[in-house]
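Report on the structure given below.
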Amino acid sequence: MSTETSQEVTITNAPATGIGLTDVAATKVAALLAQEGRDDLSLRVAVQPGGCSGLKYQLYFDDRSLDGDTVTKFGGVSVVTDKMSTPYLMGASIDFVDTIEKQGFTIDNPNAQGSCACGDSFN
């Protein structure tokens, strides 16, 4: 008899055809925005050429609204993807991990066919 334990990740209001944000990640983004004293910023997630696997993720706070942006709301947090990045991020989920081994945002992307050893880029 196996006594495996598993950790379940909850994605808040994850659209079927968009990017998702876990509750933990949404809480962390909201805390970072509160720390900055800014409520006019969104979390922008972009895909750019580069990295050892061909494409790399960029996450940063942005107050711009670009033509063709896709905006998804998670409670008080807005996640924005540009027109070029949106197809690469369909169905992807952003989480925040805080362990002794690693701290930061992670992206689980079902569209990635492969990634580099460090996990910073994909193809």
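FYI, nothing fancy with the structure tokens labels: chains A, B, ... in order, residues from 1 per chain, ligands from 1 as they appear.
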(message) DSSP on the backbone, strand (DSSP E) only: what residues of stretch 47-106 of chain A does that give? Format it as a PyMOL selection string.
(response) chain A and resi 47-49+55-62+70-74+77-81+93-98+103-106
(request) Pick out the residues sitting within 7 Å of A:Ala92, and hand them over as a list in words; count only C-alpha atoms, and ignore anything fewer than 6 positions along from it in its own chain. (result)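 That gives Ile19, Gly20, Ile107, Asp108, Asn109 and Pro110 of chain A.
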Close residues, A:Val97 itself excluded, 9 Å, only C-alpha atoms, min 2 positions apart in chain, as a tab-separated table (two decimals) with N, CA, C and O atoms, in the first residue's frame:
chain	number	residue	atom	x	y	z
A	24	VAL	N	-1.09	31.43	-4.62
A	24	VAL	CA	0.18	31.84	-3.99
A	24	VAL	C	0.85	32.94	-4.81
A	24	VAL	O	1.32	33.94	-4.26
A	25	ALA	N	0.88	32.77	-6.13
A	25	ALA	CA	1.50	33.77	-7.00
A	25	ALA	C	0.71	35.08	-6.97
A	25	ALA	O	1.31	36.17	-6.91
A	95	ASP	N	3.29	30.24	-10.90
A	95	ASP	CA	3.26	29.94	-9.47
A	95	ASP	C	4.41	30.68	-8.80
A	95	ASP	O	5.31	31.19	-9.47
A	99	THR	N	11.15	27.96	-1.20
A	99	THR	CA	11.72	26.83	-0.48
A	99	THR	C	13.18	27.12	-0.17
A	99	THR	O	13.74	28.12	-0.62
A	102	LYS	N	14.90	27.08	-3.67
A	102	LYS	CA	14.55	28.02	-4.73
A	102	LYS	C	13.49	28.99	-4.26
A	102	LYS	O	12.59	28.62	-3.50
A	103	GLN	N	13.61	30.23	-4.70
A	103	GLN	CA	12.57	31.21	-4.44
A	103	GLN	C	12.33	32.01	-5.71
A	103	GLN	O	13.27	32.44	-6.36
A	104	GLY	N	11.07	32.16	-6.07
A	104	GLY	CA	10.74	32.97	-7.23
A	104	GLY	C	9.52	32.44	-7.97
A	104	GLY	O	8.91	31.45	-7.58
A	105	PHE	N	9.20	33.14	-9.04
A	105	PHE	CA	8.07	32.75	-9.88
A	105	PHE	C	8.49	31.64	-10.83
A	105	PHE	O	9.61	31.65	-11.34
A	106	THR	N	7.60	30.69	-11.03
A	106	THR	CA	7.83	29.61	-11.99
A	106	THR	C	6.68	29.60	-12.99
A	106	THR	O	5.57	30.03	-12.67
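You will find atom CA of A:Gly18 at 5.3 Å from atom CA of A:Gly91.
Counting only C-alpha atoms, the residue from A:Leu55, A:Met84, A:Leu43, A:Ala34 that sits nearest to A:Thr72 is A:Leu43.
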(request) Name the closest residue to A:Ser42 among the candidates A:Leu89, A:Ile100, A:Val71, A:Ile94; distances are taken between atoms, counting only C-alpha atoms. (result)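 Closest candidate: A:Val71.
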(message) Which residues are close to A:Leu33, i.e. within 12 Å by only C-alpha atoms, leaving aside same-chain residues fewer than 4 positions away? Reply as a ChimeraX atom specification.
(response) /A:26-29,37-43,60-63,76-78
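The two atoms in question, atom CA of A:Arg44 and atom CA of A:Leu21, are spaced 12.2 Å apart.
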(request) Might you pull out every residue within 8 Å of A:Asp67, with only C-alpha atoms counted and same-chain residues fewer than 2 positions away left off, and present them as a list in words? (result)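 The neighbour list is Ser65, Asp69 and Lys83 of chain A.
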